[in-house]
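So this one's protein-v5.txt, compact mmCIF, C-alpha atoms:
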```txt
# COMPACT_ATOMS: atom_id res chain seq x y z
CA MET L 1 0.63 -7.85 -2.04
CA ALA L 2 2.18 -9.85 0.76
CA ALA L 3 4.98 -12.19 -0.27
CA GLU L 4 4.06 -15.85 -0.54
CA VAL L 5 4.95 -17.86 2.55
CA THR L 6 6.10 -21.46 2.16
CA SER L 7 4.55 -24.17 4.29
CA ASP L 8 7.68 -24.40 6.45
CA GLY L 9 7.78 -20.63 6.63
CA LEU L 10 4.19 -20.48 7.82
CA GLN L 11 4.79 -22.96 10.59
CA HIS L 12 7.85 -21.03 11.67
CA LEU L 13 5.88 -17.78 11.66
CA VAL L 14 3.18 -19.33 13.80
CA GLU L 15 5.79 -20.61 16.24
CA ARG L 16 7.22 -17.11 16.53
CA ALA L 17 3.75 -15.73 16.92
CA THR L 18 3.23 -17.83 20.05
CA THR L 19 5.95 -15.67 21.62
CA ALA L 20 3.96 -12.54 20.67
CA ASP L 21 6.61 -11.53 18.11
CA PRO L 22 5.16 -8.39 16.46
CA ASP L 23 7.04 -9.02 13.22
CA ALA L 24 5.59 -12.53 12.98
CA TRP L 25 2.08 -11.27 13.65
CA GLU L 26 2.42 -8.55 11.06
CA ALA L 27 3.56 -11.10 8.49
CA LEU L 28 0.67 -13.42 9.36
CA TYR L 29 -1.76 -10.52 9.16
CA ARG L 30 -0.56 -9.37 5.76
CA ARG L 31 -0.64 -12.92 4.44
CA ALA L 32 -4.14 -13.67 5.67
CA TYR L 33 -5.69 -10.26 5.13
CA PRO L 34 -6.88 -10.50 1.48
CA ARG L 35 -8.91 -13.66 2.04
CA LEU L 36 -10.21 -12.80 5.46
CA PHE L 37 -11.15 -9.32 4.27
CA ALA L 38 -13.05 -10.82 1.34
CA PHE L 39 -14.86 -13.21 3.71
CA ALA L 40 -15.85 -10.36 6.01
CA ARG L 41 -16.67 -7.96 3.19
CA ARG L 42 -19.27 -10.30 1.75
CA ARG L 43 -21.06 -10.11 5.08
CA LEU L 44 -20.69 -6.47 5.97
CA PRO L 45 -21.80 -3.32 4.19
CA SER L 46 -18.49 -1.46 4.02
CA ASP L 47 -14.78 -1.95 3.42
CA GLU L 48 -14.06 -0.16 6.69
CA GLN L 49 -16.15 -2.54 8.79
CA ALA L 50 -14.62 -5.54 7.11
CA ASP L 51 -11.17 -4.06 7.69
CA ASP L 52 -11.90 -3.57 11.39
CA VAL L 53 -13.33 -7.07 11.73
CA VAL L 54 -10.17 -8.63 10.37
CA SER L 55 -7.95 -6.62 12.68
CA GLU L 56 -10.21 -7.52 15.63
CA ALA L 57 -9.95 -11.17 14.65
CA PHE L 58 -6.20 -10.88 14.80
CA SER L 59 -6.35 -9.10 18.14
CA ARG L 60 -8.21 -12.08 19.50
CA ALA L 61 -5.86 -14.52 17.83
CA ILE L 62 -2.93 -12.82 19.53
CA THR L 63 -4.42 -13.51 22.95
CA LYS L 64 -5.63 -17.01 22.08
CA VAL L 65 -2.72 -18.39 20.09
CA HIS L 66 -1.67 -20.49 23.04
CA THR L 67 -4.84 -22.53 22.45
CA PHE L 68 -3.96 -23.24 18.81
CA THR L 69 -2.42 -26.53 17.79
CA TRP L 70 -0.61 -26.83 14.48
CA THR L 71 -1.89 -29.83 12.56
CA GLY L 72 -0.85 -28.77 9.07
CA ASN L 73 -0.84 -25.75 6.80
CA GLY L 74 -4.58 -25.41 6.63
CA SER L 75 -4.99 -25.57 10.38
CA PHE L 76 -3.92 -21.99 11.02
CA ASP L 77 -5.97 -20.64 8.12
CA GLY L 78 -9.01 -22.53 9.33
CA TRP L 79 -8.48 -21.25 12.86
CA MET L 80 -8.35 -17.66 11.63
CA TYR L 81 -11.47 -18.12 9.51
CA GLY L 82 -13.26 -19.46 12.56
CA ILE L 83 -12.32 -16.45 14.66
CA THR L 84 -13.24 -14.06 11.85
CA ARG L 85 -16.59 -15.76 11.43
CA ASN L 86 -17.32 -15.27 15.11
CA VAL L 87 -16.30 -11.62 15.00
CA VAL L 88 -18.59 -11.01 12.02
CA ARG L 89 -21.45 -12.65 13.90
CA GLU L 90 -20.88 -10.36 16.86
CA ALA L 91 -20.75 -7.37 14.55
CA HIS L 92 -24.18 -8.38 13.41
CA ARG L 93 -25.23 -9.08 16.97
CA GLY L 94 -25.55 -12.78 16.38
CA VAL L 95 -26.96 -12.62 12.88
CA ALA L 96 -24.51 -12.97 10.03
CA ARG L 97 -26.53 -12.96 6.85
CA VAL L 98 -25.08 -12.45 3.45
CA ASP L 99 -27.58 -9.88 2.41
CA ALA L 100 -28.01 -9.30 -1.26
CA GLN L 101 -27.23 -5.66 -0.65
CA HIS L 102 -23.73 -6.46 0.58
CA LEU L 103 -22.94 -8.39 -2.56
CA ASP L 104 -24.52 -5.57 -4.52
CA GLY L 105 -21.83 -3.31 -3.17
CA LEU L 106 -19.13 -5.41 -4.76
CA PRO L 107 -18.21 -4.78 -8.40
CA ALA L 108 -19.52 -7.30 -10.91
CA PRO L 109 -16.91 -9.24 -12.84
CA GLU L 110 -15.95 -7.78 -16.17
CA HIS L 111 -16.54 -9.69 -19.35
CA ARG L 112 -14.59 -8.05 -22.07
CA GLY L 113 -15.18 -9.04 -25.64
CA LEU L 114 -18.92 -9.61 -25.22
CA GLY L 115 -21.54 -7.65 -27.07
CA PRO L 116 -24.12 -5.59 -25.21
CA ALA L 117 -26.78 -8.29 -25.38
CA GLU L 118 -24.37 -10.92 -24.13
CA GLN L 119 -23.17 -8.70 -21.34
CA LEU L 120 -26.75 -8.15 -20.27
CA LEU L 121 -27.37 -11.88 -20.25
CA VAL L 122 -24.24 -12.53 -18.22
CA ALA L 123 -25.21 -9.77 -15.78
CA GLU L 124 -28.64 -11.32 -15.32
CA GLU L 125 -27.10 -14.71 -14.67
CA HIS L 126 -24.74 -13.22 -12.12
CA ASP L 127 -27.59 -11.43 -10.36
CA ALA L 128 -29.57 -14.67 -10.30
CA LEU L 129 -26.58 -16.53 -8.86
CA ARG L 130 -26.15 -13.87 -6.20
CA ALA L 131 -29.82 -14.09 -5.27
CA ALA L 132 -29.77 -17.88 -5.20
CA PHE L 133 -26.65 -17.88 -3.05
CA GLY L 134 -28.31 -15.50 -0.63
CA ARG L 135 -31.17 -17.95 -0.21
CA LEU L 136 -28.89 -20.70 1.09
CA ASP L 137 -28.64 -21.00 4.84
CA GLU L 138 -25.67 -19.55 6.67
CA GLU L 139 -23.73 -22.77 7.01
CA GLU L 140 -24.20 -23.65 3.36
CA ARG L 141 -22.93 -20.23 2.32
CA ASP L 142 -19.96 -20.44 4.65
CA LEU L 143 -19.12 -23.93 3.45
CA LEU L 144 -19.23 -23.03 -0.23
CA GLU L 145 -17.23 -19.87 0.33
CA LEU L 146 -14.55 -21.62 2.31
CA ARG L 147 -14.31 -24.58 -0.07
CA VAL L 148 -14.95 -22.93 -3.42
CA VAL L 149 -13.77 -19.35 -3.04
CA ALA L 150 -11.10 -19.66 -0.37
CA GLY L 151 -10.06 -23.09 -1.61
CA LEU L 152 -9.63 -24.58 1.85
CA GLY L 153 -9.42 -28.33 2.33
CA ALA L 154 -12.31 -30.31 3.72
CA ASP L 155 -10.41 -30.99 6.95
CA THR L 156 -9.81 -27.29 7.51
CA VAL L 157 -13.37 -26.31 6.69
CA GLY L 158 -14.53 -29.07 8.99
CA GLU L 159 -12.61 -27.46 11.85
CA VAL L 160 -14.32 -24.16 11.17
CA LEU L 161 -17.79 -25.64 10.92
CA GLY L 162 -17.45 -28.40 13.49
CA LYS L 163 -17.79 -31.30 11.04
CA GLY L 164 -15.66 -34.15 9.80
CA ALA L 165 -14.05 -33.90 6.38
CA GLY L 166 -16.42 -36.45 4.89
CA ALA L 167 -19.42 -34.58 6.18
CA VAL L 168 -18.05 -31.38 4.67
CA ARG L 169 -17.78 -32.96 1.22
CA MET L 170 -21.28 -34.37 1.42
CA ALA L 171 -22.66 -31.07 2.64
CA GLN L 172 -20.84 -29.29 -0.17
CA SER L 173 -22.41 -31.54 -2.72
CA ARG L 174 -25.86 -31.00 -1.25
CA ALA L 175 -25.34 -27.25 -1.09
CA LEU L 176 -24.35 -27.13 -4.75
CA GLY L 177 -27.46 -29.07 -5.61
CA ARG L 178 -29.65 -26.66 -3.71
CA LEU L 179 -27.85 -23.72 -5.24
CA ARG L 180 -28.43 -25.11 -8.72
CA THR L 181 -32.14 -25.58 -8.03
CA MET L 182 -32.51 -22.06 -6.67
CA LEU L 183 -30.54 -20.65 -9.57
CA GLN L 184 -32.90 -22.27 -12.01
CA GLU L 185 -35.81 -20.76 -10.08
CA GLU L 186 -34.25 -17.31 -10.19
CA LEU L 187 -33.66 -17.53 -13.92
CA ARG L 188 -37.26 -18.40 -14.76
CA MET S 1 -3.47 -17.89 2.81
CA SER S 2 -2.90 -20.50 0.14
CA GLY S 3 -5.57 -22.74 -1.26
CA ASP S 4 -3.02 -25.26 -2.49
CA GLU S 5 -3.69 -27.72 0.28
CA GLY S 6 -7.40 -27.57 -0.23
CA ARG S 7 -8.58 -29.04 -3.44
CA ALA S 8 -6.03 -31.87 -3.48
CA ASP S 9 -7.87 -33.69 -0.75
CA GLU S 10 -10.83 -34.90 -2.77
CA GLU S 11 -11.43 -38.54 -2.04
CA GLN S 12 -14.84 -39.10 -3.51
CA PRO S 13 -16.20 -38.38 -6.92
CA ARG S 14 -17.43 -34.88 -7.53
CA GLY S 15 -20.94 -34.09 -8.54
CA THR S 16 -22.62 -36.46 -6.13
CA SER S 17 -25.30 -33.94 -5.40
CA ASP S 18 -28.90 -34.68 -4.78
CA GLN S 19 -29.47 -33.62 -8.39
CA GLY S 20 -28.12 -36.96 -9.59
CA GLU S 21 -28.12 -36.05 -13.25
CA HIS S 22 -25.52 -33.33 -12.72
CA GLY S 23 -21.93 -34.49 -12.94
CA ALA S 24 -18.60 -33.29 -11.77
CA ALA S 25 -18.23 -30.95 -14.72
CA ASP S 26 -21.51 -29.23 -13.90
CA ASP S 27 -20.46 -28.80 -10.29
CA ALA S 28 -17.11 -27.44 -11.37
CA GLU S 29 -18.77 -24.94 -13.70
CA LEU S 30 -21.17 -23.78 -11.00
CA GLU S 31 -18.31 -23.47 -8.54
CA ALA S 32 -16.33 -21.40 -11.01
CA GLN S 33 -19.29 -19.07 -11.55
CA LEU S 34 -19.73 -18.78 -7.81
CA ALA S 35 -16.08 -17.98 -7.23
CA GLU S 36 -16.26 -15.31 -9.91
CA ARG S 37 -19.43 -13.75 -8.55
CA LEU S 38 -18.22 -13.73 -4.96
CA ALA S 39 -14.82 -12.27 -5.81
CA VAL S 40 -13.86 -9.17 -3.84
CA PRO S 41 -11.36 -6.70 -5.32
CA PRO S 42 -7.94 -7.23 -3.76
CA ARG S 43 -7.06 -4.85 -0.99
CA GLU S 44 -4.09 -4.17 1.22
CA PRO S 45 -4.53 -3.78 4.97
CA SER S 46 -4.59 -0.22 6.26
CA ALA S 47 -1.48 1.11 7.96
CA ALA S 48 -3.56 1.84 11.04
CA ASN S 49 -4.66 -1.73 11.44
CA VAL S 50 -1.21 -3.13 10.73
CA ALA S 51 0.02 -0.90 13.52
CA ARG S 52 -2.78 -2.09 15.75
CA VAL S 53 -1.88 -5.74 15.23
CA ARG S 54 1.74 -4.96 16.09
CA ALA S 55 0.66 -2.97 19.14
CA ASP S 56 -1.52 -5.83 20.36
CA ALA S 57 1.38 -8.25 19.97
CA GLU S 58 3.66 -5.87 21.85
CA ALA S 59 1.09 -5.53 24.62
CA ARG S 60 0.79 -9.28 24.84
CA ARG S 61 4.56 -9.64 25.00
CA THR S 62 4.68 -7.05 27.77
CA GLU S 63 1.94 -8.87 29.62
CA ALA S 64 3.75 -12.17 29.29
CA ALA S 65 6.97 -10.62 30.52
CA GLY S 66 5.19 -9.15 33.49
CA THR S 67 3.77 -12.48 34.56
CA GLN S 68 7.12 -14.25 34.40
CA GLY S 69 9.79 -14.23 37.09
CA GLY S 70 7.84 -15.57 39.88
CA ASP S 71 8.15 -13.53 42.99
CA GLU S 72 6.45 -10.37 41.90
CA GLY S 73 3.82 -11.71 39.55
CA PRO S 74 1.33 -9.35 37.99
CA THR S 75 0.84 -6.13 39.87
CA SER S 76 -2.45 -4.35 39.64
CA VAL S 77 -2.34 -0.79 38.61
CA ARG S 78 -4.58 0.50 41.31
CA HIS S 79 -6.50 -0.57 44.36
CA GLY S 80 -4.88 -3.96 44.63
CA ARG S 81 -7.09 -5.56 42.01
CA ARG S 82 -5.66 -8.10 39.63
CA PRO S 83 -5.89 -6.68 36.11
CA ARG S 84 -7.25 -8.86 33.30
CA ARG S 85 -7.14 -8.38 29.57
CA ARG S 86 -10.44 -7.48 27.99
CA GLU S 87 -11.07 -7.44 24.28
CA VAL S 88 -14.45 -6.51 23.00
CA LEU S 89 -16.20 -5.85 19.76
CA VAL S 90 -19.28 -3.74 20.07
CA GLY S 91 -21.40 -2.64 17.14
CA GLY S 92 -18.91 -3.76 14.53
CA ILE S 93 -16.14 -1.49 15.73
CA ALA S 94 -13.08 -3.05 17.22
CA ALA S 95 -10.97 -1.73 20.06
CA GLY S 96 -7.74 -2.94 21.54
CA VAL S 97 -7.90 -3.16 25.28
CA GLY S 98 -4.67 -4.00 26.95
CA LEU S 99 -3.38 -5.24 30.23
CA VAL S 100 -1.12 -3.03 32.24
CA THR S 101 1.13 -4.48 34.86
CA GLY S 102 3.89 -3.00 36.92
CA ALA S 103 4.54 0.44 38.26
CA GLY S 104 6.39 1.56 35.15
CA ALA S 105 3.52 0.79 32.88
CA ALA S 106 1.10 2.40 35.30
CA GLU S 107 3.18 5.56 35.25
CA VAL S 108 2.96 5.62 31.48
CA ILE S 109 -0.75 5.11 31.40
CA LEU S 110 -1.29 7.79 34.02
CA GLY S 111 0.56 10.22 31.83
CA GLY S 112 3.50 10.52 34.16
CA SER S 113 5.94 9.81 31.41
CA ASP S 114 6.67 11.52 28.15
CA THR S 115 7.16 8.25 26.36
CA ASP S 116 5.06 5.16 25.74
CA GLY S 117 6.43 2.24 27.71
CA ASP S 118 9.86 1.15 26.69
CA SER S 119 9.76 2.87 23.34
CA ASP S 120 10.83 6.42 22.65
CA VAL S 121 7.51 7.31 21.09
CA PRO S 122 6.51 10.65 22.57
CA THR S 123 3.10 10.96 24.15
CA GLU S 124 0.77 13.85 24.80
CA PRO S 125 -1.15 13.72 28.08
CA ILE S 126 -4.72 14.90 27.74
CA GLU S 127 -7.36 15.76 30.28
CA LEU S 128 -10.67 14.03 29.76
CA ALA S 129 -13.13 16.18 31.71
CA GLY S 130 -16.57 15.24 32.91
CA ALA S 131 -15.88 12.16 34.98
CA PRO S 132 -18.59 11.47 37.57
CA GLU S 133 -17.66 10.95 41.18
CA GLY S 134 -15.82 7.70 41.71
CA LEU S 135 -14.46 7.44 38.18
CA THR S 136 -10.82 8.24 37.54
CA VAL S 137 -9.55 8.70 34.03
CA ALA S 138 -6.13 9.19 32.56
CA GLY S 139 -5.23 9.38 28.94
CA HIS S 140 -2.63 10.30 26.45
CA LEU S 141 -2.28 10.53 22.72
CA ILE S 142 0.38 9.01 20.51
CA ASP S 143 0.96 10.86 17.28
CA HIS S 144 1.64 8.37 14.50
CA THR S 145 2.43 9.29 10.93
CA TRP S 146 -0.84 7.76 9.83
CA GLY S 147 -3.16 8.78 12.63
CA VAL S 148 -3.61 9.24 16.33
CA GLU S 149 -3.75 6.61 19.02
CA LEU S 150 -5.52 7.22 22.31
CA VAL S 151 -4.46 5.30 25.38
CA VAL S 152 -6.96 5.75 28.18
CA GLN S 153 -7.27 4.13 31.59
CA LEU S 154 -10.56 4.11 33.43
CA ASP S 155 -11.04 3.02 36.99
CA GLY S 156 -14.37 2.97 38.76
CA LEU S 157 -16.70 2.41 35.84
CA VAL S 158 -20.18 1.49 36.98
CA GLY S 159 -22.09 -1.33 35.35
CA ARG S 160 -21.19 -3.23 32.21
CA GLU S 161 -22.13 -0.61 29.67
CA ALA S 162 -20.76 0.00 26.20
CA TYR S 163 -18.62 3.06 25.60
CA ASP S 164 -17.51 4.61 22.32
CA VAL S 165 -14.33 6.55 21.75
CA ARG S 166 -14.82 9.32 19.21
CA TYR S 167 -12.52 11.76 17.52
CA ARG S 168 -13.88 15.03 16.20
CA THR S 169 -11.82 16.70 13.52
CA THR S 170 -11.26 20.39 12.99
CA SER S 171 -13.71 20.21 10.10
CA GLY S 172 -16.42 18.80 12.34
CA GLU S 173 -16.30 15.20 11.17
CA GLN S 174 -16.82 12.54 13.84
CA VAL S 175 -14.85 9.29 13.66
CA VAL S 176 -15.41 6.35 15.97
CA ALA S 177 -11.98 5.17 17.02
CA GLY S 178 -13.11 2.25 19.12
CA SER S 179 -15.51 0.84 21.64
CA PHE S 180 -15.29 -1.15 24.83
CA LEU S 181 -17.44 -2.69 27.52
CA ALA S 182 -17.03 -1.43 31.06
CA ASP S 183 -16.44 -3.77 33.93
CA PRO S 184 -16.67 -2.51 37.53
CA GLU S 185 -14.26 -5.21 38.67
CA LEU S 186 -11.47 -4.20 36.33
CA THR S 187 -9.17 -1.38 35.50
CA VAL S 188 -9.92 -0.85 31.84
CA VAL S 189 -7.10 0.22 29.59
CA CYS S 190 -8.16 0.98 26.07
CA ARG S 191 -5.97 1.72 23.08
CA CYS S 192 -7.87 3.10 20.12
CA THR S 193 -6.60 4.35 16.84
CA ALA S 194 -8.09 6.22 13.93
CA ALA S 195 -6.63 7.54 10.73
CA VAL S 196 -6.98 11.18 11.80
CA LEU S 197 -3.82 13.24 11.83
CA ARG S 198 -2.98 15.02 15.05
CA ARG S 199 -3.14 18.42 13.41
CA ASP S 200 -6.72 17.65 12.31
CA LEU S 201 -7.89 16.41 15.71
CA ALA S 202 -10.00 18.88 17.68
CA GLU S 203 -11.61 16.78 20.36
CA VAL S 204 -11.50 13.32 21.89
CA SER S 205 -14.46 11.92 23.75
CA VAL S 206 -15.33 8.75 25.59
CA GLU S 207 -19.09 8.38 25.67
CA GLN S 208 -21.38 5.96 27.40
CA ARG S 209 -23.53 4.59 24.62
CA GLN S 210 -26.77 4.53 26.61
CA GLY S 211 -26.06 6.71 29.55
CA PRO S 212 -24.99 10.16 30.65
CA VAL S 213 -21.25 9.70 31.01
CA ARG S 214 -19.33 11.79 28.53
CA LEU S 215 -15.65 12.49 28.97
CA VAL S 216 -14.25 15.13 26.68
CA ALA S 217 -10.79 16.48 25.96
CA THR S 218 -10.73 19.60 23.83
CA LEU S 219 -7.41 19.85 22.10
CA ALA S 220 -5.34 22.76 20.97
```
Kindly transcribe the structure held in the file into structure tokens.
Amino acid sequence: MAAEVTSDGLQHLVERATTADPDAWEALYRRAYPRLFAFARRRLPSDEQADDVVSEAFSRAITKVHTFTWTGNGSFDGWMYGITRNVVREAHRGVARVDAQHLDGLPAPEHRGLGPAEQLLVAEEHDALRAAFGRLDEEERDLLELRVVAGLGADTVGEVLGKGAGAVRMAQSRALGRLRTMLQEELR
Amino acid sequence: MSGDEGRADEEQPRGTSDQGEHGAADDAELEAQLAERLAVPPREPSAANVARVRADAEARRTEAAGTQGGDEGPTSVRHGRRPRRREVLVGGIAAGVGLVTGAGAAEVILGGSDTDGDSDVPTEPIELAGAPEGLTVAGHLIDHTWGVELVVQLDGLVGREAYDVRYRTTSGEQVVAGSFLADPELTVVCRCTAAVLRRDLAEVSVEQRQGPVRLVATLA
């Protein structure tokens, strides 16, 4: 796994990257890859396509870094998520849906220590959650992924989605409510 | 990418969803389930793509160096046209398309040199046959430890069609190494890589996706 980069270190890396320093770009790529790959993989049917999407996102970032303005640690991460999101959309020719089949291709979490009946129940709940999540609209899914799974701040997610931080938090709350309702429907 | 900066920015109470009876704890539990269900097994980037990122940065640095120093400015490779960088993603496959400036770089791309740019990486000129009248093509391979990179320059492409670069292995497998969109106004330089070892590579082709153009280099 890539070594952790401190906040000062990240800013320094980004500054070096603006000079097209290959070492800086490699470090940024290795640092960002696990999360961006996961984001892409949930939207694409194969590891290879997700891998290519992330490298394409970085290719674009290399040419566009002069347009990036550092406003804090999350700003670069948010910028990269935004580029990756656009690349995924193009890969789907404008339609980026989290199809249930793509999540099906990912291994289910393990629950050791549970009996067979409990494991079956947990599996059913996970399948229902996956189905309910797939029924959310694209922006709701992106928002929940970026906030809940990637752990990005509301400001950063707002930059990706074109909203203010307050609007992101409200939208997150509404999305969770809708997800809960759909989950209850799936479990009936 | 660290999530540390994210969740510390909460300014309003959690659990203010439209389902008013659900509190912060319920939201937190649902979020935890969601994070677990959406988890993707950790993965390291492929060596090929790490190399591609580095190559793109190098190309950008070369481009920036070529546009500095005033008097000369960027020099088109051919026909007096000003080259521009084109990056495209077609059909989910990414390609690196680079800008070439200066006579030295042009010599490399045209296969007139045994090395790639300023590095000592040896190159292997290849002949891509089948070009229609008006289209000039030059390409070479770079043999990396993890795969093969094709650098190809095309001048005189007609229309704005999509092209795929394919490698065929000695066992008959076809691998798409990259894709690009043609532009009749530009000299297109495409760098594509695939994790196929040179010894396993039998043929390289550049194929118009919906058209007759097919450029093929059969390799020894």
Quiz prompt | For L:Ala132: contacts at 10 Å, only C-alpha atoms, fewer than 2 positions along chain excluded, given as a count of residues only | solution = 19
Self-check item: At most 6 Å to chain S: residues in chain L, only C-alpha atoms, as a list in words
Solution: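 Result: Ala20, Pro22, Arg31, Ala32, Ala38, Asp52, Glu56, Ala91, Val149, Gly151, Leu152, Gly153, Ser173, Arg174 and Gly177 of chain L.
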Quiz item: Which protein, DNA or RNA residues are at most 7 Å from (0.8, 11.4, 26.9) in the file's coordinates when you count only C-alpha atoms, listed as an NGL selection string?
Solution: :S and (111 or 114 or 123-126 or 139-142)
Selection from above, C-alpha atoms, as a PDB file, in the coordinates of the input, can you write it?
```pdb
ATOM      1  CA  GLY S 111       0.560  10.220  31.830  1.00  0.00           C
ATOM      2  CA  ASP S 114       6.670  11.520  28.150  1.00  0.00           C
ATOM      3  CA  THR S 123       3.100  10.960  24.150  1.00  0.00           C
ATOM      4  CA  GLU S 124       0.770  13.850  24.800  1.00  0.00           C
ATOM      5  CA  PRO S 125      -1.150  13.720  28.080  1.00  0.00           C
ATOM      6  CA  ILE S 126      -4.720  14.900  27.740  1.00  0.00           C
ATOM      7  CA  GLY S 139      -5.230   9.380  28.940  1.00  0.00           C
ATOM      8  CA  HIS S 140      -2.630  10.300  26.450  1.00  0.00           C
ATOM      9  CA  LEU S 141      -2.280  10.530  22.720  1.00  0.00           C
ATOM     10  CA  ILE S 142       0.380   9.010  20.510  1.00  0.00           C
TER      11      ILE S 142
END
```
Quiz item: How many Å lie between atom CA of L:Val14 and atom CA of L:Val53, rounded to one decimal?
Solution: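 Between these atoms lies a distance of 20.7 Å.
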Quiz prompt | Point-to-point distance from atom CA of S:Cys190 to atom CA of L:Ala27, Å rounded to tenths | solution =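 Value for the atom CA of S:Cys190-atom CA of L:Ala27 distance: 24.3 Å.
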Quiz prompt | Residues within 10 Å of L:Trp70, all atoms listed in the file, excluding chain neighbours under 6 positions, as number ranges by chain | solution = L: 11, 14-15, 76, 79
Quiz item: Expressed in Å to a single decimal, how great is the separation between atom CA of S:Ala138 and atom CA of S:Leu154?
Solution: 6.8 Å
